[in-house]
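Below is the file work_9.txt, which contains compact mmCIF, C-alpha atoms.
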# COMPACT_ATOMS: atom_id res chain seq x y z
CA MET A 1 83.76 -9.35 168.60
CA ARG A 2 86.98 -8.79 170.43
CA TYR A 3 88.54 -6.10 172.50
CA ARG A 4 92.15 -5.06 172.81
CA LYS A 5 93.64 -5.50 176.24
CA ASP A 6 96.88 -3.86 175.15
CA LEU A 7 95.36 -0.52 174.08
CA ILE A 8 93.64 2.34 175.87
CA ILE A 9 91.87 5.34 174.37
CA CYS A 10 92.35 8.73 176.01
CA ASP A 11 89.11 10.35 177.21
CA ARG A 12 90.29 13.87 176.57
CA CYS A 13 91.72 13.66 173.05
CA GLN A 14 90.55 10.23 171.82
CA SER A 15 94.01 9.14 170.75
CA VAL A 16 95.00 5.50 171.10
CA ASN A 17 97.73 4.66 173.61
CA LYS A 18 99.56 1.45 174.29
CA LYS A 19 98.98 0.00 177.76
CA LEU A 20 102.17 -0.72 179.68
CA PRO A 21 102.59 -2.41 183.03
CA LEU A 22 103.38 0.06 185.81
CA ALA A 23 105.57 -0.17 188.89
CA ALA A 24 104.21 0.91 192.26
CA LYS A 25 103.24 4.61 192.49
CA GLU A 26 103.66 5.20 188.77
CA GLU A 27 100.92 6.57 186.56
CA ALA A 28 100.33 6.42 182.82
CA ARG A 29 99.56 9.59 180.89
CA CYS A 30 98.39 10.10 177.34
CA ALA A 31 101.30 10.59 174.93
CA GLU A 32 99.27 13.12 172.94
CA CYS A 33 97.69 15.40 175.55
CA GLY A 34 99.06 14.32 178.92
CA ALA A 35 95.73 13.37 180.53
CA LEU A 36 95.80 10.63 183.17
CA LEU A 37 95.02 7.21 181.69
CA TYR A 38 95.51 4.89 184.63
CA SER A 39 97.73 4.55 187.66
CA SER A 40 99.52 1.71 189.34
CA ASP A 41 97.03 -0.56 191.08
CA VAL A 42 99.13 -2.71 193.36
CA GLY A 43 96.68 -4.11 195.90
CA LEU A 44 93.76 -2.15 194.45
CA GLU A 45 91.27 -4.86 195.43
CA TYR A 46 92.30 -4.65 199.09
CA LYS A 47 92.09 -0.88 198.99
CA VAL A 48 88.59 -1.07 197.53
CA LEU A 49 87.57 -3.73 200.06
CA SER A 50 88.70 -1.86 203.16
CA TRP A 51 87.69 1.63 202.05
CA SER A 52 84.23 0.67 200.83
CA PHE A 53 83.54 -1.14 204.10
CA THR A 54 84.66 1.94 206.05
CA ALA A 55 82.49 4.09 203.81
CA LEU A 56 79.45 1.89 204.50
CA VAL A 57 79.92 2.21 208.26
CA LEU A 58 80.30 5.99 207.91
CA PHE A 59 77.20 6.08 205.69
CA VAL A 60 75.09 4.42 208.38
CA LEU A 61 76.41 6.86 210.99
CA ALA A 62 75.73 9.80 208.69
CA ASN A 63 72.12 8.72 208.29
CA ILE A 64 71.08 7.86 211.83
CA TYR A 65 72.66 10.74 213.75
CA PRO A 66 71.87 14.42 213.29
CA ILE A 67 74.29 16.29 211.03
CA ILE A 68 73.87 19.61 212.77
CA SER A 69 71.58 20.99 215.41
CA ILE A 70 70.83 24.67 215.78
CA ASP A 71 69.47 26.82 218.56
CA ILE A 72 67.67 30.04 217.69
CA ALA A 73 66.61 31.85 220.86
CA GLY A 74 65.70 28.67 222.67
CA MET A 75 64.10 26.93 219.68
CA ASN A 76 65.89 23.80 218.54
CA GLY A 77 66.13 22.30 215.09
CA THR A 78 68.11 19.29 213.92
CA LEU A 79 69.03 18.04 210.49
CA THR A 80 69.16 14.42 209.41
CA ILE A 81 69.16 13.50 205.74
CA LEU A 82 66.09 11.25 205.80
CA GLU A 83 64.07 13.65 207.95
CA ALA A 84 64.87 16.54 205.61
CA ILE A 85 63.72 14.53 202.62
CA GLY A 86 60.57 13.46 204.46
CA ARG A 87 59.72 17.05 205.29
CA LEU A 88 59.97 18.05 201.65
CA PHE A 89 57.81 15.05 200.71
CA ASP A 90 55.17 16.10 203.25
CA ALA A 91 55.16 19.59 201.78
CA GLY A 92 54.12 18.05 198.45
CA PHE A 93 57.44 18.30 196.61
CA LEU A 94 57.38 14.80 195.18
CA PHE A 95 59.97 15.18 192.46
CA VAL A 96 62.57 16.98 194.55
CA SER A 97 62.17 14.60 197.50
CA PHE A 98 62.39 11.47 195.35
CA PHE A 99 65.37 12.84 193.49
CA ALA A 100 67.10 13.76 196.74
CA LEU A 101 66.34 10.29 198.12
CA LEU A 102 67.99 8.73 195.08
CA VAL A 103 71.14 10.85 194.86
CA LEU A 104 71.70 11.33 198.61
CA VAL A 105 70.71 7.94 200.03
CA VAL A 106 70.01 5.18 197.51
CA PHE A 107 72.83 5.69 195.00
CA PRO A 108 75.65 6.39 197.51
CA PHE A 109 74.61 3.31 199.47
CA LEU A 110 74.32 1.08 196.39
CA LEU A 111 77.61 2.39 195.04
CA MET A 112 79.55 1.51 198.17
CA SER A 113 77.80 -1.85 198.71
CA PHE A 114 78.43 -2.82 195.07
CA LEU A 115 82.10 -1.90 195.46
CA PHE A 116 82.33 -3.81 198.73
CA ALA A 117 80.67 -6.97 197.38
CA PHE A 118 82.67 -6.74 194.17
CA SER A 119 86.00 -6.52 195.96
CA LEU A 120 84.97 -9.32 198.33
CA PHE A 121 84.25 -11.66 195.40
CA THR A 122 87.36 -10.53 193.55
CA VAL A 123 89.67 -11.13 196.49
CA ALA A 124 88.13 -14.56 197.02
CA GLY A 125 88.15 -15.24 193.27
CA ILE A 126 84.60 -16.60 193.24
CA GLU A 127 81.32 -15.74 191.49
CA LYS A 128 82.68 -14.25 188.27
CA GLU A 129 79.31 -13.30 186.78
CA ILE A 130 77.95 -11.69 189.96
CA ALA A 131 81.15 -9.67 190.30
CA LYS A 132 80.66 -8.49 186.72
CA THR A 133 77.06 -7.46 187.33
CA LEU A 134 78.12 -5.53 190.44
CA LEU A 135 80.80 -3.73 188.45
CA LEU A 136 78.25 -2.88 185.78
CA GLY A 137 76.14 -1.30 188.51
CA VAL A 138 79.13 0.74 189.67
CA SER A 139 79.80 1.93 186.11
CA LEU A 140 76.20 3.05 185.68
CA ILE A 141 75.51 4.86 188.97
CA ARG A 142 78.90 6.31 189.85
CA ARG A 143 78.01 9.75 188.53
CA TRP A 144 74.71 9.91 190.39
CA SER A 145 75.97 9.98 193.94
CA MET A 146 75.82 13.61 195.04
CA LEU A 147 76.66 13.65 198.73
CA ASP A 148 79.69 15.85 198.06
CA ILE A 149 77.43 18.55 196.63
CA PHE A 150 75.13 18.09 199.62
CA PHE A 151 78.06 18.63 201.99
CA ILE A 152 78.97 21.95 200.38
CA SER A 153 75.28 22.87 200.55
CA ILE A 154 75.33 22.32 204.31
CA LEU A 155 78.17 24.82 204.63
CA VAL A 156 76.35 27.34 202.44
CA ALA A 157 73.15 26.91 204.45
CA LEU A 158 75.08 27.42 207.70
CA ILE A 159 76.53 30.68 206.43
CA LYS A 160 72.98 31.87 205.78
CA ILE A 161 71.95 31.31 209.41
CA TYR A 162 75.10 31.55 211.54
CA GLU A 163 74.30 35.10 212.62
CA TYR A 164 71.08 34.16 214.38
CA ALA A 165 71.71 30.61 215.47
CA ARG A 166 74.03 28.67 217.73
CA ILE A 167 75.25 25.74 215.65
CA GLU A 168 76.44 22.37 216.89
CA PHE A 169 78.01 19.82 214.60
CA GLY A 170 76.82 16.27 215.14
CA VAL A 171 78.55 12.92 214.67
CA ALA A 172 76.97 12.59 211.25
CA PHE A 173 78.65 15.77 210.01
CA TRP A 174 82.12 14.30 210.48
CA ALA A 175 81.00 10.89 209.22
CA LEU A 176 79.68 12.56 206.09
CA ALA A 177 82.93 14.49 205.59
CA LEU A 178 85.00 11.29 205.83
CA PHE A 179 82.57 9.43 203.57
CA ILE A 180 83.05 12.07 200.89
CA VAL A 181 86.85 11.89 201.17
CA LEU A 182 86.66 8.11 200.70
CA GLU A 183 84.21 8.44 197.83
CA ILE A 184 86.44 10.92 196.01
CA MET A 185 89.50 8.71 196.41
CA LEU A 186 87.68 5.50 195.53
CA VAL A 187 85.24 6.55 192.83
CA ARG A 188 86.30 9.85 191.28
CA MET A 189 90.08 9.29 191.30
CA VAL A 190 90.13 5.67 190.15
CA PRO A 191 89.00 5.31 186.51
CA VAL A 192 86.31 2.64 186.40
CA GLY A 193 88.21 0.89 183.61
CA GLN A 194 90.88 0.04 186.15
CA LEU A 195 88.37 -1.93 188.22
CA TRP A 196 87.35 -3.76 185.06
CA ASP A 197 91.01 -4.58 184.35
CA LEU A 198 91.25 -5.93 187.87
CA TRP A 199 88.19 -8.12 187.34
CA GLU A 200 89.64 -9.37 184.07
CA ARG A 201 93.02 -10.22 185.60
CA ARG A 202 91.49 -12.10 188.53
CA TYR A 203 89.15 -14.30 186.56
CA TYR A 204 91.07 -14.77 183.33
CA ALA A 205 94.59 -15.30 184.60
CA THR A 206 97.00 -14.96 181.71
CA MET B 1 87.80 1.20 163.94
CA LEU B 2 88.67 1.17 167.63
CA LEU B 3 85.88 2.15 169.98
CA LYS B 4 86.07 2.89 173.68
CA CYS B 5 83.19 1.50 175.71
CA PRO B 6 81.67 4.44 177.66
CA TYR B 7 80.77 2.13 180.55
CA CYS B 8 83.70 -0.21 181.21
CA GLU B 9 86.32 1.65 179.13
CA ALA B 10 87.40 -1.43 177.17
CA THR B 11 88.95 -0.80 173.74
CA ASN B 12 86.69 -2.63 171.28
CA GLU B 13 87.74 -3.45 167.74
CA ASN B 14 84.26 -3.15 166.27
CA GLY B 15 80.66 -4.21 166.82
CA THR B 16 77.74 -2.56 168.54
CA ARG B 17 78.01 -4.33 171.89
CA CYS B 18 81.01 -4.15 174.18
CA ALA B 19 82.91 -7.43 174.27
CA ARG B 20 83.69 -6.97 177.98
CA CYS B 21 80.55 -5.61 179.65
CA GLY B 22 77.95 -6.35 176.98
CA LEU B 23 76.37 -2.87 176.87
CA PHE B 24 75.51 -1.00 173.68
CA ILE B 25 78.48 0.97 172.39
CA GLY B 26 77.52 1.77 168.80
CA LEU B 27 77.83 5.30 167.48
CA ASP B 28 74.46 6.82 166.67
CA ARG B 29 74.77 10.48 165.82
CA ALA B 30 71.07 11.04 165.08
CA ALA B 31 69.80 9.40 168.26
CA SER B 32 72.36 11.29 170.32
CA LEU B 33 71.39 14.60 168.77
CA HIS B 34 67.63 14.04 169.08
CA LYS B 35 67.78 12.97 172.71
CA SER B 36 70.11 15.75 173.73
CA LEU B 37 68.06 18.39 171.95
CA ALA B 38 64.78 17.16 173.47
CA TYR B 39 66.22 17.30 177.01
CA LEU B 40 67.78 20.68 176.31
CA ILE B 41 64.51 22.23 175.13
CA ALA B 42 62.68 20.82 178.15
CA ALA B 43 65.40 22.22 180.42
CA ILE B 44 65.16 25.70 178.90
CA ILE B 45 61.37 25.64 179.39
CA PHE B 46 61.77 24.74 183.08
CA TYR B 47 64.41 27.44 183.49
CA ILE B 48 61.71 30.12 183.17
CA PRO B 49 59.51 29.14 186.16
CA ALA B 50 62.67 28.29 188.10
CA ASN B 51 63.62 31.95 188.01
CA ILE B 52 60.16 33.53 188.27
CA TYR B 53 58.83 31.64 191.29
CA PRO B 54 60.37 31.73 194.77
CA VAL B 55 62.56 28.80 195.76
CA LEU B 56 61.91 29.35 199.43
CA LYS B 57 59.52 31.34 201.59
CA THR B 58 60.17 32.70 205.05
CA SER B 59 57.09 32.95 207.21
CA LYS B 60 57.49 35.13 210.30
CA PHE B 61 54.41 35.11 212.52
CA ALA B 62 51.67 35.78 209.98
CA ALA B 63 53.66 37.36 207.17
CA THR B 64 55.14 35.22 204.40
CA HIS B 65 57.95 36.46 202.23
CA GLY B 66 59.24 34.54 199.21
CA SER B 67 62.56 34.92 197.47
CA THR B 68 63.71 33.73 194.07
CA ILE B 69 67.20 32.47 193.27
CA PHE B 70 68.34 35.86 192.01
CA GLU B 71 66.93 37.65 195.06
CA GLY B 72 68.78 35.15 197.25
CA VAL B 73 72.09 36.08 195.64
CA VAL B 74 71.40 39.82 195.95
CA GLN B 75 70.45 39.36 199.61
CA MET B 76 73.69 37.50 200.38
CA TRP B 77 75.73 40.16 198.59
CA ARG B 78 74.05 42.96 200.55
CA SER B 79 74.57 41.24 203.89
CA GLY B 80 78.29 41.10 203.14
CA ASP B 81 78.76 37.37 202.53
CA TYR B 82 80.62 37.94 199.28
CA PRO B 83 82.27 34.49 198.90
CA VAL B 84 78.95 32.69 199.38
CA ALA B 85 77.16 35.11 197.09
CA ILE B 86 79.77 34.36 194.44
CA ILE B 87 79.47 30.57 194.96
CA ILE B 88 75.67 30.70 194.67
CA PHE B 89 75.83 33.04 191.69
CA THR B 90 78.27 30.72 189.92
CA ALA B 91 76.41 27.51 190.75
CA SER B 92 72.84 28.64 190.17
CA ILE B 93 72.99 31.39 187.58
CA PHE B 94 76.27 31.30 185.71
CA ILE B 95 76.70 27.50 185.30
CA PRO B 96 73.15 26.83 184.00
CA VAL B 97 73.33 29.64 181.45
CA ALA B 98 76.84 28.66 180.34
CA LYS B 99 75.65 25.08 180.09
CA PHE B 100 72.74 26.04 177.85
CA ALA B 101 75.14 27.93 175.59
CA VAL B 102 77.59 25.01 175.40
CA LEU B 103 74.80 22.47 174.78
CA VAL B 104 73.30 24.61 172.02
CA TYR B 105 76.75 24.95 170.47
CA LEU B 106 77.51 21.22 170.68
CA ASN B 107 74.10 20.28 169.29
CA TYR B 108 74.45 22.82 166.50
CA THR B 109 77.82 21.44 165.42
CA LEU B 110 76.45 17.90 165.68
CA ALA B 111 73.50 18.80 163.48
CA ARG B 112 75.76 20.59 161.00
CA CYS B 113 78.04 17.60 161.17
CA ALA B 114 81.15 19.76 161.26
CA PRO B 115 84.06 17.83 162.74
CA ARG B 116 86.11 20.93 163.49
CA ASN B 117 87.59 22.03 166.81
CA VAL B 118 87.07 18.48 168.01
CA ARG B 119 89.40 18.75 170.97
CA ARG B 120 87.91 22.00 172.16
CA ARG B 121 84.41 20.54 171.94
CA ILE B 122 85.40 17.43 173.85
CA PHE B 123 86.90 19.72 176.50
CA LEU B 124 83.65 21.71 176.68
CA TYR B 125 81.70 18.48 176.95
CA HIS B 126 83.76 17.27 179.90
CA LEU B 127 83.52 20.70 181.50
CA ILE B 128 79.70 20.76 181.52
CA GLU B 129 79.57 17.14 182.58
CA LEU B 130 81.77 17.92 185.58
CA THR B 131 80.20 21.22 186.67
CA GLY B 132 76.56 20.46 185.85
CA PRO B 133 75.47 18.70 189.05
CA TRP B 134 76.91 21.50 191.21
CA SER B 135 73.93 23.66 190.31
CA LEU B 136 72.00 21.47 192.73
CA ILE B 137 73.58 23.36 195.65
CA ASP B 138 70.61 25.70 195.74
CA VAL B 139 68.13 22.81 195.84
CA PHE B 140 69.98 21.14 198.70
CA VAL B 141 70.25 24.42 200.62
CA VAL B 142 66.46 24.69 200.48
CA LEU B 143 66.19 21.07 201.65
CA ILE B 144 68.50 21.80 204.61
CA LEU B 145 66.91 25.10 205.65
CA VAL B 146 63.41 23.64 205.47
CA ALA B 147 64.47 20.79 207.75
CA LEU B 148 66.27 23.05 210.22
CA ILE B 149 63.87 25.95 210.60
CA HIS B 150 60.27 24.98 211.24
CA PHE B 151 59.27 26.67 214.45
CA GLN B 152 55.93 28.07 215.51
CA ASN B 153 56.75 31.69 214.88
CA ILE B 154 59.26 31.37 212.13
CA ALA B 155 59.50 28.73 209.44
CA ILE B 156 61.09 28.28 206.05
CA ILE B 157 58.78 26.73 203.46
CA PRO B 158 59.90 25.43 200.06
CA GLY B 159 58.57 27.35 197.05
CA ILE B 160 57.54 25.83 193.74
CA GLY B 161 60.58 27.37 192.06
CA VAL B 162 62.73 24.67 193.63
CA SER B 163 60.91 21.89 191.73
CA SER B 164 61.40 23.64 188.40
CA PHE B 165 65.01 24.41 189.22
CA ALA B 166 65.78 20.79 190.20
CA LEU B 167 64.03 19.53 187.06
CA MET B 168 65.99 22.01 184.95
CA VAL B 169 69.31 20.81 186.40
CA VAL B 170 68.43 17.12 185.97
CA LEU B 171 67.31 17.70 182.39
CA THR B 172 70.56 19.49 181.51
CA ILE B 173 72.55 16.62 183.07
CA LEU B 174 70.55 14.17 180.92
CA SER B 175 71.04 16.36 177.87
CA ALA B 176 74.81 16.39 178.41
CA ASN B 177 74.86 12.64 179.03
CA ALA B 178 72.95 12.04 175.80
CA ILE B 179 75.81 13.54 173.80
CA ASP B 180 78.39 10.91 173.08
CA PRO B 181 81.82 12.62 173.12
CA ARG B 182 83.07 10.04 170.64
CA ILE B 183 80.79 11.32 167.86
CA LEU B 184 81.99 14.91 168.09
CA GLY B 185 84.70 14.12 165.58
CA VAL B 186 82.75 11.84 163.25
CA GLN B 187 82.60 12.91 159.62
CA CYS B 188 79.16 12.30 158.10
CA ALA B 189 78.68 10.37 154.89
CA LYS B 190 77.79 12.61 151.94
CA ARG B 191 74.23 12.14 150.83
For the structure just supplied, provide its representation as structure tokens.
Amino acid sequence: MRYRKDLIICDRCQSVNKKLPLAAKEEARCAECGALLYSSDVGLEYKVLSWSFTALVLFVLANIYPIISIDIAGMNGTLTILEAIGRLFDAGFLFVSFFALLVLVVFPFLLMSFLFAFSLFTVAGIEKEIAKTLLLGVSLIRRWSMLDIFFISILVALIKIYEYARIEFGVAFWALALFIVLEIMLVRMVPVGQLWDLWERRYYAT
Amino acid sequence: MLLKCPYCEATNENGTRCARCGLFIGLDRAASLHKSLAYLIAAIIFYIPANIYPVLKTSKFAATHGSTIFEGVVQMWRSGDYPVAIIIFTASIFIPVAKFAVLVYLNYTLARCAPRNVRRRIFLYHLIELTGPWSLIDVFVVLILVALIHFQNIAIIPGIGVSSFALMVVLTILSANAIDPRILGVQCAKR
């Protein structure tokens, strides 16, 4: 069994393209349909390293501080992710609370820690097999982090109550917003195959 | 035949395991179809209670008032929040129904083994894969409102509709994931 390092298959139209080296800020598009195949990855490992660390710090902030607090005629309510999940669990909604715990807390955290550890090993050039396992984890759970959807939900929920309540945004709100920006740039906009190419280049120098 | 690994995106020459990441990459039309169809049927079943039962209840003093997803949209529209009403309508009513239609269509063509309109079907596949999880907005809104509003006189309580709705969304995501976009263009062997 072998695989071709010189070819890449387009996701959108399944046609086979030849892989060419790119200069900085260039991107490769499918010759058949024009979909993005990969982009230049000069210093990708350092980008992943620094951004995933920042994202982890933001993630901790987003979980320990309240996201918003509201005031309805003297009655106060605050929102933190874990407390919200706990309240649903207490109300007997086992499936929804476990699912929310996974996609809002466990998977985002694992995703960023995997990326951080992976880039750390890759930059140092050690622990080839562990780096591979971490990357495998990233490939499998990258679609199951749903904090971006949660963020939009916060805005929708606020619109439902803004007429009656005084709303204050907490530290965690801004931390969450920045976390999502980083996640989009690091996970959604970088094809996972590019991280695998990086791993390959580092450990099997040609 | 060249095969793209769905996990690490390596271009494999052949085989059933990816030479780079070691995961299973073989094409199995029957397994794909059976799994996807099973999840889809389960999702359609859960769609019914998700729309009949209230997703959240507002209790003011002693009175409790529940509202279903559709009632929530109507309420938002009446109170003049048109953009939000449209977002909720799209995410919780339009996307799930469109997704059912697309999944039925994809499964039907898979079962018929008709490799026509391949590009359009791959586009539809990517579309439902991308938009599917956004239906969870309604579930998360319930989660947020329940956490925020729990006072003595007024409280928002989750309704059982939210469990069915969340299950329905997860099952449609699994159903879409079970379809392998690479088999949409495979021509079956004549029996």
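In this comparison, which uses all atoms listed in the file, the residue of B:Tyr53, B:Thr16, B:Ala43, B:Cys5 approaching His65 (chain B) most closely is B:Tyr53.
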Show me, as a short mmCIF file (atom, residue, chain, number, x, y, z; two decimals) with C-alpha atoms, in the coordinates of the input, the residues that have an atom within 10 Å of Gly170 (chain A) when counting only C-alpha atoms, minus same-chain residues fewer than 6 positions from it.
data_model
loop_
_atom_site.label_atom_id
_atom_site.label_comp_id
_atom_site.auth_asym_id
_atom_site.auth_seq_id
_atom_site.Cartn_x
_atom_site.Cartn_y
_atom_site.Cartn_z
CA ALA A 62 75.73 9.80 208.69
CA TYR A 65 72.66 10.74 213.75
CA PRO A 66 71.87 14.42 213.29
CA ILE A 67 74.29 16.29 211.03
CA ILE A 68 73.87 19.61 212.77
CA SER A 69 71.58 20.99 215.41
CA THR A 78 68.11 19.29 213.92
CA LEU A 79 69.03 18.04 210.49
CA THR A 80 69.16 14.42 209.41
#
What is the distance between CA of Lys4 (chain B) and CA of Met112 (chain A), in Å to one decimal?
25.4 Å
Using only C-alpha atoms and a cut-off of 8 Å, which residues of chain A sit close to chain B? Please list them as a ChimeraX atom specification.
/A:1-5,7-9,12-14,69-70,75,77-79,83-85,87-88,91,93,95-96,132,136,139-140,146,149-150,152-154,156-157,159-160,192-193,196
One number please: CA of Ser52 (chain A) to CA of Leu115 (chain A), in Å, one decimal.
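So the two atoms, CA of Ser52 (chain A) and CA of Leu115 (chain A), lie 6.3 Å apart.
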Compile the contact shell of Arg116 (chain B) as a PyMOL selection string: residues with an atom at most 10 Å away, counting only C-alpha atoms, same-chain residues fewer than 4 positions apart removed.
chain B and resi 109+120-121+184-187
Pick out the residues sitting within 7 Å of region 22-30 of chain A, and hand them over as a PyMOL selection string; count all atoms listed in the file, and ignore anything fewer than 6 positions along from it in its own chain.
chain A and resi 10+36-40+42
Selection near Leu82 (chain A), 8 Å with all atoms listed in the file, sequence-local residues under 4 positions removed, as a ChimeraX atom specification:
/A:63,86,101
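Distance check against Ala42 (chain B) using all atoms listed in the file: of B:Val102, B:Leu174, B:Ala114, B:Val73, the minimum falls on B:Leu174.
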Might you pull out every residue within 10 Å of Ala38 (chain B), with all atoms listed in the file counted and same-chain residues fewer than 2 positions away left off, and present them as a PyMOL selection string?
chain B and resi 33-36+40-43+171+174-175+178
Point-to-point distance from CA of Leu104 (chain A) to CA of Asn76 (chain A), Å rounded to tenths
24.2 Å
Which one is closest to Leu134 (chain A): A:Phe173, A:Phe114, A:Phe121, A:Phe59? Count all atoms listed in the file.
A:Phe114
Incomplete region 143-159 of chain A brought to N, CA and C atoms, written out as an mmCIF file, in the frame of the given file:
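Output below, filename result_5.cif:
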data_model
loop_
_atom_site.group_PDB
_atom_site.id
_atom_site.type_symbol
_atom_site.label_atom_id
_atom_site.label_comp_id
_atom_site.auth_asym_id
_atom_site.auth_seq_id
_atom_site.Cartn_x
_atom_site.Cartn_y
_atom_site.Cartn_z
ATOM 1 N N ARG A 143 78.143 8.306 188.670
ATOM 2 C CA ARG A 143 78.010 9.750 188.530
ATOM 3 C C ARG A 143 76.816 10.307 189.291
ATOM 4 N N TRP A 144 75.958 9.436 189.792
ATOM 5 C CA TRP A 144 74.710 9.910 190.390
ATOM 6 C C TRP A 144 74.714 9.896 191.908
ATOM 7 N N SER A 145 75.889 9.843 192.493
ATOM 8 C CA SER A 145 75.970 9.980 193.940
ATOM 9 C C SER A 145 76.403 11.418 194.236
ATOM 10 N N MET A 146 75.555 12.171 194.936
ATOM 11 C CA MET A 146 75.820 13.610 195.040
ATOM 12 C C MET A 146 75.970 14.087 196.476
ATOM 13 N N LEU A 147 76.497 13.233 197.335
ATOM 14 C CA LEU A 147 76.660 13.650 198.730
ATOM 15 C C LEU A 147 77.710 14.746 198.873
ATOM 16 N N ASP A 148 78.680 14.791 197.965
ATOM 17 C CA ASP A 148 79.690 15.850 198.060
ATOM 18 C C ASP A 148 79.064 17.222 197.831
ATOM 19 N N ILE A 149 78.115 17.287 196.881
ATOM 20 C CA ILE A 149 77.430 18.550 196.630
ATOM 21 C C ILE A 149 76.565 18.909 197.840
ATOM 22 N N PHE A 150 75.942 17.875 198.433
ATOM 23 C CA PHE A 150 75.130 18.090 199.620
ATOM 24 C C PHE A 150 75.963 18.661 200.762
ATOM 25 N N PHE A 151 77.178 18.179 200.901
ATOM 26 C CA PHE A 151 78.060 18.630 201.990
ATOM 27 C C PHE A 151 78.383 20.121 201.834
ATOM 28 N N ILE A 152 78.706 20.527 200.611
ATOM 29 C CA ILE A 152 78.970 21.950 200.380
ATOM 30 C C ILE A 152 77.704 22.761 200.656
ATOM 31 N N SER A 153 76.547 22.184 200.294
ATOM 32 C CA SER A 153 75.280 22.870 200.550
ATOM 33 C C SER A 153 75.054 23.108 202.037
ATOM 34 N N ILE A 154 75.474 22.143 202.869
ATOM 35 C CA ILE A 154 75.330 22.320 204.310
ATOM 36 C C ILE A 154 76.114 23.553 204.751
ATOM 37 N N LEU A 155 77.339 23.678 204.247
ATOM 38 C CA LEU A 155 78.170 24.820 204.630
ATOM 39 C C LEU A 155 77.540 26.133 204.169
ATOM 40 N N VAL A 156 76.995 26.118 202.937
ATOM 41 C CA VAL A 156 76.350 27.340 202.440
ATOM 42 C C VAL A 156 75.140 27.690 203.292
ATOM 43 N N ALA A 157 74.339 26.661 203.636
ATOM 44 C CA ALA A 157 73.150 26.910 204.450
ATOM 45 C C ALA A 157 73.543 27.458 205.822
ATOM 46 N N LEU A 158 74.638 26.955 206.380
ATOM 47 C CA LEU A 158 75.080 27.420 207.700
ATOM 48 C C LEU A 158 75.479 28.892 207.645
ATOM 49 N N ILE A 159 76.115 29.289 206.544
ATOM 50 C CA ILE A 159 76.530 30.680 206.430
ATOM 51 C C ILE A 159 75.298 31.590 206.390
#
